[in-house]
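What follows is upload07.cif (mmCIF, C-alpha atoms).
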data_input
loop_
_atom_site.label_atom_id
_atom_site.label_comp_id
_atom_site.auth_asym_id
_atom_site.auth_seq_id
_atom_site.Cartn_x
_atom_site.Cartn_y
_atom_site.Cartn_z
CA MET A 1 -19.39 2.64 -75.08
CA LYS A 2 -18.76 4.66 -71.92
CA LEU A 3 -19.09 3.46 -68.34
CA ILE A 4 -19.81 6.13 -65.73
CA VAL A 5 -19.54 4.76 -62.18
CA GLY A 6 -20.71 6.52 -59.04
CA LEU A 7 -19.20 5.13 -55.85
CA GLY A 8 -21.18 4.87 -52.64
CA ASN A 9 -22.74 2.52 -50.14
CA PRO A 10 -26.17 0.99 -50.71
CA GLY A 11 -29.01 1.60 -48.27
CA LYS A 12 -31.01 4.57 -47.03
CA GLU A 13 -28.80 4.91 -43.95
CA TYR A 14 -25.97 6.06 -46.25
CA ASP A 15 -27.95 8.70 -48.13
CA ASP A 16 -26.44 12.18 -47.64
CA THR A 17 -23.16 10.81 -46.27
CA ARG A 18 -19.81 12.05 -47.49
CA HIS A 19 -18.88 8.64 -48.93
CA ASN A 20 -21.93 8.66 -51.22
CA MET A 21 -20.98 11.61 -53.43
CA GLY A 22 -20.62 9.28 -56.42
CA PHE A 23 -24.13 7.88 -55.99
CA TYR A 24 -25.56 11.39 -55.56
CA TYR A 25 -24.03 12.85 -58.73
CA ILE A 26 -24.71 9.84 -60.93
CA ASP A 27 -28.36 10.04 -59.84
CA ARG A 28 -28.46 13.74 -60.75
CA PHE A 29 -26.91 12.96 -64.15
CA ALA A 30 -29.56 10.27 -64.72
CA ASP A 31 -32.27 12.79 -63.73
CA LYS A 32 -30.87 15.33 -66.21
CA HIS A 33 -31.19 12.81 -69.04
CA ASN A 34 -34.53 11.35 -67.90
CA VAL A 35 -33.20 7.84 -67.34
CA VAL A 36 -33.72 5.58 -64.35
CA ILE A 37 -30.94 3.46 -62.88
CA ASP A 38 -33.07 0.41 -62.22
CA LYS A 39 -31.50 -2.71 -63.78
CA LYS A 40 -29.43 -5.20 -61.77
CA LYS A 41 -26.43 -7.19 -62.93
CA PHE A 42 -23.27 -8.41 -61.15
CA ASN A 43 -24.46 -6.82 -57.89
CA GLY A 44 -24.66 -3.42 -59.55
CA LEU A 45 -27.58 -1.12 -60.23
CA TYR A 46 -27.29 0.30 -63.74
CA THR A 47 -28.96 1.65 -66.84
CA GLU A 48 -27.99 1.81 -70.50
CA PHE A 49 -28.94 4.59 -72.89
CA THR A 50 -27.63 6.45 -75.91
CA LEU A 51 -26.53 10.07 -75.74
CA ASN A 52 -25.13 11.93 -78.76
CA SER A 53 -24.70 8.61 -80.60
CA GLU A 54 -22.64 7.20 -77.69
CA LYS A 55 -23.85 4.17 -75.72
CA VAL A 56 -23.61 5.00 -72.01
CA ILE A 57 -23.86 2.78 -68.94
CA LEU A 58 -24.45 4.44 -65.57
CA LEU A 59 -23.45 2.14 -62.69
CA LYS A 60 -23.87 2.17 -58.93
CA PRO A 61 -22.00 -0.82 -57.45
CA LEU A 62 -24.07 -2.39 -54.67
CA ASN A 63 -21.13 -4.01 -52.93
CA TYR A 64 -20.04 -1.72 -50.17
CA ILE A 65 -17.71 0.97 -51.47
CA ASN A 66 -14.57 -0.91 -50.39
CA LEU A 67 -15.47 -3.78 -52.76
CA SER A 68 -16.81 -1.74 -55.68
CA GLY A 69 -13.95 -2.82 -57.96
CA GLU A 70 -15.37 -6.34 -58.17
CA VAL A 71 -18.60 -5.03 -59.70
CA ILE A 72 -16.76 -2.68 -62.06
CA LYS A 73 -14.47 -5.46 -63.28
CA ASN A 74 -17.49 -7.64 -64.10
CA PHE A 75 -19.08 -4.82 -66.12
CA VAL A 76 -15.81 -4.06 -67.93
CA ASN A 77 -15.37 -7.71 -68.90
CA TYR A 78 -19.00 -8.36 -69.83
CA PHE A 79 -19.48 -5.22 -71.94
CA LYS A 80 -15.84 -5.22 -73.20
CA ILE A 81 -15.22 -1.63 -72.06
CA GLU A 82 -11.80 -0.06 -72.50
CA LEU A 83 -10.17 1.73 -69.55
CA LYS A 84 -10.17 5.04 -71.47
CA ASP A 85 -13.98 4.83 -71.57
CA ILE A 86 -14.49 4.61 -67.80
CA LEU A 87 -15.10 7.53 -65.43
CA ILE A 88 -15.23 6.87 -61.68
CA ILE A 89 -16.99 9.49 -59.53
CA CYS A 90 -15.94 9.37 -55.87
CA ASP A 91 -15.48 11.41 -52.71
CA ASP A 92 -12.06 12.88 -51.87
CA LEU A 93 -10.85 13.78 -48.37
CA ASP A 94 -7.96 15.82 -49.75
CA THR A 95 -10.19 18.24 -51.64
CA GLU A 96 -12.22 20.99 -49.98
CA MET A 97 -15.98 20.54 -49.72
CA GLY A 98 -17.62 22.10 -52.76
CA LYS A 99 -14.55 21.60 -54.97
CA TYR A 100 -13.84 18.84 -57.49
CA ARG A 101 -10.87 17.56 -59.45
CA LEU A 102 -10.42 15.39 -62.53
CA ARG A 103 -7.50 12.94 -62.46
CA ALA A 104 -6.27 10.73 -65.29
CA LYS A 105 -4.33 8.35 -63.05
CA GLY A 106 -2.61 8.10 -59.71
CA SER A 107 -2.76 6.35 -56.40
CA SER A 108 -5.90 5.72 -54.42
CA GLY A 109 -4.87 8.38 -51.91
CA GLY A 110 -6.02 6.03 -49.15
CA HIS A 111 -9.55 5.67 -50.58
CA ASN A 112 -10.41 2.00 -50.06
CA GLY A 113 -12.91 1.95 -52.92
CA LEU A 114 -10.23 3.18 -55.34
CA LYS A 115 -7.74 0.68 -53.88
CA ASN A 116 -10.16 -2.13 -54.71
CA ILE A 117 -10.75 -0.77 -58.22
CA GLU A 118 -6.98 -0.64 -58.80
CA ALA A 119 -6.61 -4.22 -57.58
CA MET A 120 -9.48 -5.51 -59.74
CA LEU A 121 -8.49 -3.59 -62.91
CA ASN A 122 -4.78 -4.16 -62.23
CA THR A 123 -3.92 -0.51 -62.92
CA GLN A 124 -3.95 3.01 -61.48
CA ASP A 125 -4.51 4.43 -64.95
CA TYR A 126 -8.23 5.12 -65.08
CA TYR A 127 -10.16 8.38 -65.12
CA ARG A 128 -11.77 9.74 -62.01
CA LEU A 129 -13.81 12.72 -60.94
CA LYS A 130 -12.99 13.37 -57.29
CA ILE A 131 -15.57 15.30 -55.29
CA GLY A 132 -14.25 17.17 -52.26
CA ILE A 133 -15.56 16.31 -48.82
CA SER A 134 -12.81 18.11 -46.85
CA ASN A 135 -11.29 16.32 -43.89
CA ASN A 136 -11.88 16.65 -40.18
CA LYS A 137 -8.76 15.34 -38.43
CA MET A 138 -10.64 15.47 -35.10
CA ILE A 139 -12.90 12.60 -36.22
CA ASP A 140 -11.83 9.07 -37.15
CA THR A 141 -11.74 8.89 -40.97
CA LYS A 142 -14.22 5.99 -41.18
CA ASP A 143 -16.71 7.80 -38.94
CA TYR A 144 -16.21 11.04 -40.85
CA VAL A 145 -16.82 9.65 -44.35
CA LEU A 146 -19.89 7.74 -43.15
CA SER A 147 -21.37 10.73 -41.31
CA LYS A 148 -24.21 12.83 -42.70
CA LEU A 149 -23.59 16.12 -44.46
CA ASP A 150 -24.67 19.25 -42.60
CA GLN A 151 -26.93 21.85 -44.27
CA ASP A 152 -24.00 23.96 -45.51
CA GLU A 153 -22.34 20.89 -47.04
CA ILE A 154 -25.61 19.83 -48.69
CA ALA A 155 -25.91 23.32 -50.20
CA LYS A 156 -22.35 23.10 -51.57
CA ARG A 157 -23.03 19.64 -52.99
CA GLU A 158 -26.22 20.83 -54.68
CA SER A 159 -24.57 23.97 -56.05
CA ASN A 160 -22.23 21.72 -58.07
CA VAL A 161 -24.92 19.59 -59.74
CA TYR A 162 -24.93 21.67 -62.93
CA VAL A 163 -21.15 21.65 -63.43
CA ILE A 164 -20.70 17.98 -62.46
CA CYS A 165 -23.38 16.95 -64.95
CA ASN A 166 -21.65 19.09 -67.60
CA ILE A 167 -18.32 17.41 -66.83
CA ILE A 168 -19.92 13.99 -67.37
CA ASP A 169 -21.59 15.18 -70.59
CA ASP A 170 -18.25 16.51 -71.83
CA PHE A 171 -16.46 13.27 -70.85
CA LEU A 172 -18.65 11.54 -73.43
CA GLN A 173 -17.40 13.87 -76.18
CA MET A 174 -13.93 15.21 -75.28
CA ASP A 175 -10.50 13.72 -74.79
CA PHE A 176 -9.56 13.63 -71.11
CA ASP A 177 -6.68 16.11 -71.29
CA SER A 178 -9.02 18.72 -72.79
CA LEU A 179 -11.61 17.88 -70.15
CA MET A 180 -9.08 18.46 -67.34
CA CYS A 181 -7.95 21.74 -68.92
CA LYS A 182 -11.55 22.92 -69.13
CA TYR A 183 -12.63 22.05 -65.57
CA ASN A 184 -9.64 21.70 -63.23
CA ARG A 185 -8.76 24.90 -61.42
CA LYS A 186 -5.62 25.69 -59.47
#
Mind turning this structure into structure tokens?
Amino acid sequence: MKLIVGLGNPGKEYDDTRHNMGFYYIDRFADKHNVVIDKKKFNGLYTEFTLNSEKVILLKPLNYINLSGEVIKNFVNYFKIELKDILIICDDLDTEMGKYRLRAKGSSGGHNGLKNIEAMLNTQDYYRLKIGISNNKMIDTKDYVLSKLDQDEIAKRESNVYVICNIIDDFLQMDFDSLMCKYNRK
């Protein structure tokens, strides 16, 4: 069983914000596979389906992003999911808008949602797909990540839908080192 988690904040006011990249891409992946993320459990919105003989759970934690680890921990414990079977999709200030990066482990890099996940899972060793949102040092970080994408940024986000969905598909079938070799670029 695989758990694919998209991080974001619930509510229409957060649609198209930089912090909601995880929600956006998990929704596009659900669209690709004609599934609807419409069940609720442990303050998370999720769906279960089978793809290529693999049971898959898509999860959008409904706690605000900074507390998303609590929801993930409940899913991990309830469904007895191993850490190697989890992929977290999140925004990344240190990566340029329109770029992405797979990481097998590491620090939160200041991302409060990842900090909470690390605290709840008691490890930094979990897989993540980090989606670049760039960084504007002229704007307070909190205000920046919660601000709306401009038209150019929306275009860059949408241009990556195909490859991000392919990365998630491949995560279900490949070992993570091979996945990073295939998709990470210098």
Item to check | Residue nearest A:Ile168 among A:Ile88, A:Asp16, A:Val35, A:Phe42 (counting all atoms listed in the file) | outcome: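 Nearest candidate to A:Ile168 out of A:Ile88, A:Asp16, A:Val35, A:Phe42: A:Ile88.
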Handout entry: Given the PyMOL selection byres ((chain A and resi 6) around 9), the residues it picks as a list in words
Key =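 Against this file, the PyMOL selection byres ((chain A and resi 6) around 9) returns the residues Ile4, Val5, Leu7, Gly8, Asn20, Met21, Gly22, Phe23, Tyr24, Tyr25, Ile26, Asp27, Leu58, Leu59, Lys60, Pro61, Leu87, Ile88, Ile89 and Cys90 of chain A.
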Report task. Could you tell me which residues the PyMOL selection byres ((chain A and resi 49) around 12) returns for this structure, as a count of residues only? Result -> 24
Separating atom CA of A:Arg18 from atom CA of A:Gly132, to the nearest tenth of an Å, is a gap of 8.9 Å
Subject >> Residue members of the PyMOL selection byres ((chain A and resi 164) around 10) in the file shown, as a ChimeraX atom specification >> reply: /A:25-26,28-29,89,100,129,131,157-163,165-170,183
request  = Select, from A:Gly109, A:Gly11, A:Leu149, A:Leu172, the residue with the minimum atom-to-atom distance to A:Ile86, counting only C-alpha atoms.
outcome  =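 Closest to A:Ile86, using only C-alpha atoms: A:Leu172.
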Nearest to A:Leu121, restricted to all atoms listed in the file and choosing among A:Asp91, A:Glu82, A:Asp177, A:Asp140, comes out as A:Glu82
Mind completing stretch 113-140 of chain A with N, CA and C atoms? Output as a PDB file, keeping the file's coordinate frame, please?
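Output file out-v7.pdb follows:
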ATOM      1  N   GLY A 113     -12.181   2.296 -51.701  1.00  0.00           N
ATOM      2  CA  GLY A 113     -12.910   1.950 -52.920  1.00  0.00           C
ATOM      3  C   GLY A 113     -12.000   2.011 -54.132  1.00  0.00           C
ATOM      4  N   LEU A 114     -11.181   3.053 -54.225  1.00  0.00           N
ATOM      5  CA  LEU A 114     -10.230   3.180 -55.340  1.00  0.00           C
ATOM      6  C   LEU A 114      -9.148   2.116 -55.261  1.00  0.00           C
ATOM      7  N   LYS A 115      -8.719   1.761 -54.036  1.00  0.00           N
ATOM      8  CA  LYS A 115      -7.740   0.680 -53.880  1.00  0.00           C
ATOM      9  C   LYS A 115      -8.281  -0.612 -54.477  1.00  0.00           C
ATOM     10  N   ASN A 116      -9.552  -0.903 -54.207  1.00  0.00           N
ATOM     11  CA  ASN A 116     -10.160  -2.130 -54.710  1.00  0.00           C
ATOM     12  C   ASN A 116     -10.306  -2.085 -56.235  1.00  0.00           C
ATOM     13  N   ILE A 117     -10.649  -0.920 -56.767  1.00  0.00           N
ATOM     14  CA  ILE A 117     -10.750  -0.770 -58.220  1.00  0.00           C
ATOM     15  C   ILE A 117      -9.383  -1.025 -58.861  1.00  0.00           C
ATOM     16  N   GLU A 118      -8.337  -0.436 -58.284  1.00  0.00           N
ATOM     17  CA  GLU A 118      -6.980  -0.640 -58.800  1.00  0.00           C
ATOM     18  C   GLU A 118      -6.592  -2.115 -58.774  1.00  0.00           C
ATOM     19  N   ALA A 119      -6.938  -2.801 -57.691  1.00  0.00           N
ATOM     20  CA  ALA A 119      -6.610  -4.220 -57.580  1.00  0.00           C
ATOM     21  C   ALA A 119      -7.377  -5.046 -58.618  1.00  0.00           C
ATOM     22  N   MET A 120      -8.643  -4.732 -58.811  1.00  0.00           N
ATOM     23  CA  MET A 120      -9.480  -5.510 -59.740  1.00  0.00           C
ATOM     24  C   MET A 120      -9.141  -5.211 -61.200  1.00  0.00           C
ATOM     25  N   LEU A 121      -8.821  -3.950 -61.522  1.00  0.00           N
ATOM     26  CA  LEU A 121      -8.490  -3.590 -62.910  1.00  0.00           C
ATOM     27  C   LEU A 121      -6.994  -3.735 -63.190  1.00  0.00           C
ATOM     28  N   ASN A 122      -6.226  -3.965 -62.129  1.00  0.00           N
ATOM     29  CA  ASN A 122      -4.780  -4.160 -62.230  1.00  0.00           C
ATOM     30  C   ASN A 122      -4.064  -2.927 -62.814  1.00  0.00           C
ATOM     31  N   THR A 123      -4.541  -1.742 -62.447  1.00  0.00           N
ATOM     32  CA  THR A 123      -3.920  -0.510 -62.920  1.00  0.00           C
ATOM     33  C   THR A 123      -4.385   0.673 -62.069  1.00  0.00           C
ATOM     34  N   GLN A 124      -3.561   1.732 -62.066  1.00  0.00           N
ATOM     35  CA  GLN A 124      -3.950   3.010 -61.480  1.00  0.00           C
ATOM     36  C   GLN A 124      -4.323   4.001 -62.572  1.00  0.00           C
ATOM     37  N   ASP A 125      -4.257   3.556 -63.802  1.00  0.00           N
ATOM     38  CA  ASP A 125      -4.510   4.430 -64.950  1.00  0.00           C
ATOM     39  C   ASP A 125      -5.965   4.334 -65.405  1.00  0.00           C
ATOM     40  N   TYR A 126      -6.825   5.009 -64.690  1.00  0.00           N
ATOM     41  CA  TYR A 126      -8.230   5.120 -65.080  1.00  0.00           C
ATOM     42  C   TYR A 126      -8.696   6.513 -64.652  1.00  0.00           C
ATOM     43  N   TYR A 127      -9.693   7.011 -65.353  1.00  0.00           N
ATOM     44  CA  TYR A 127     -10.160   8.380 -65.120  1.00  0.00           C
ATOM     45  C   TYR A 127     -11.077   8.454 -63.911  1.00  0.00           C
ATOM     46  N   ARG A 128     -10.915   9.537 -63.175  1.00  0.00           N
ATOM     47  CA  ARG A 128     -11.770   9.740 -62.010  1.00  0.00           C
ATOM     48  C   ARG A 128     -12.137  11.203 -61.841  1.00  0.00           C
ATOM     49  N   LEU A 129     -13.302  11.407 -61.309  1.00  0.00           N
ATOM     50  CA  LEU A 129     -13.810  12.720 -60.940  1.00  0.00           C
ATOM     51  C   LEU A 129     -13.947  12.689 -59.421  1.00  0.00           C
ATOM     52  N   LYS A 130     -13.054  13.402 -58.748  1.00  0.00           N
ATOM     53  CA  LYS A 130     -12.990  13.370 -57.290  1.00  0.00           C
ATOM     54  C   LYS A 130     -13.753  14.569 -56.735  1.00  0.00           C
ATOM     55  N   ILE A 131     -14.707  14.281 -55.876  1.00  0.00           N
ATOM     56  CA  ILE A 131     -15.570  15.300 -55.290  1.00  0.00           C
ATOM     57  C   ILE A 131     -15.097  15.565 -53.857  1.00  0.00           C
ATOM     58  N   GLY A 132     -14.776  16.812 -53.577  1.00  0.00           N
ATOM     59  CA  GLY A 132     -14.250  17.170 -52.260  1.00  0.00           C
ATOM     60  C   GLY A 132     -15.240  17.012 -51.137  1.00  0.00           C
ATOM     61  N   ILE A 133     -14.748  16.422 -50.039  1.00  0.00           N
ATOM     62  CA  ILE A 133     -15.560  16.310 -48.820  1.00  0.00           C
ATOM     63  C   ILE A 133     -14.819  16.901 -47.622  1.00  0.00           C
ATOM     64  N   SER A 134     -13.683  17.575 -47.904  1.00  0.00           N
ATOM     65  CA  SER A 134     -12.810  18.110 -46.850  1.00  0.00           C
ATOM     66  C   SER A 134     -12.346  16.974 -45.947  1.00  0.00           C
ATOM     67  N   ASN A 135     -11.751  17.328 -44.832  1.00  0.00           N
ATOM     68  CA  ASN A 135     -11.290  16.320 -43.890  1.00  0.00           C
ATOM     69  C   ASN A 135     -11.330  16.931 -42.507  1.00  0.00           C
ATOM     70  N   ASN A 136     -11.853  16.199 -41.564  1.00  0.00           N
ATOM     71  CA  ASN A 136     -11.880  16.650 -40.180  1.00  0.00           C
ATOM     72  C   ASN A 136     -10.973  15.713 -39.396  1.00  0.00           C
ATOM     73  N   LYS A 137      -9.761  16.172 -39.113  1.00  0.00           N
ATOM     74  CA  LYS A 137      -8.760  15.340 -38.430  1.00  0.00           C
ATOM     75  C   LYS A 137      -9.150  15.035 -36.977  1.00  0.00           C
ATOM     76  N   MET A 138     -10.191  15.705 -36.474  1.00  0.00           N
ATOM     77  CA  MET A 138     -10.640  15.470 -35.100  1.00  0.00           C
ATOM     78  C   MET A 138     -11.553  14.251 -35.010  1.00  0.00           C
ATOM     79  N   ILE A 139     -11.982  13.740 -36.175  1.00  0.00           N
ATOM     80  CA  ILE A 139     -12.900  12.600 -36.220  1.00  0.00           C
ATOM     81  C   ILE A 139     -12.207  11.466 -36.967  1.00  0.00           C
ATOM     82  N   ASP A 140     -12.367  10.240 -36.465  1.00  0.00           N
ATOM     83  CA  ASP A 140     -11.830   9.070 -37.150  1.00  0.00           C
ATOM     84  C   ASP A 140     -12.318   9.084 -38.600  1.00  0.00           C
TER      85      ASP A 140
END
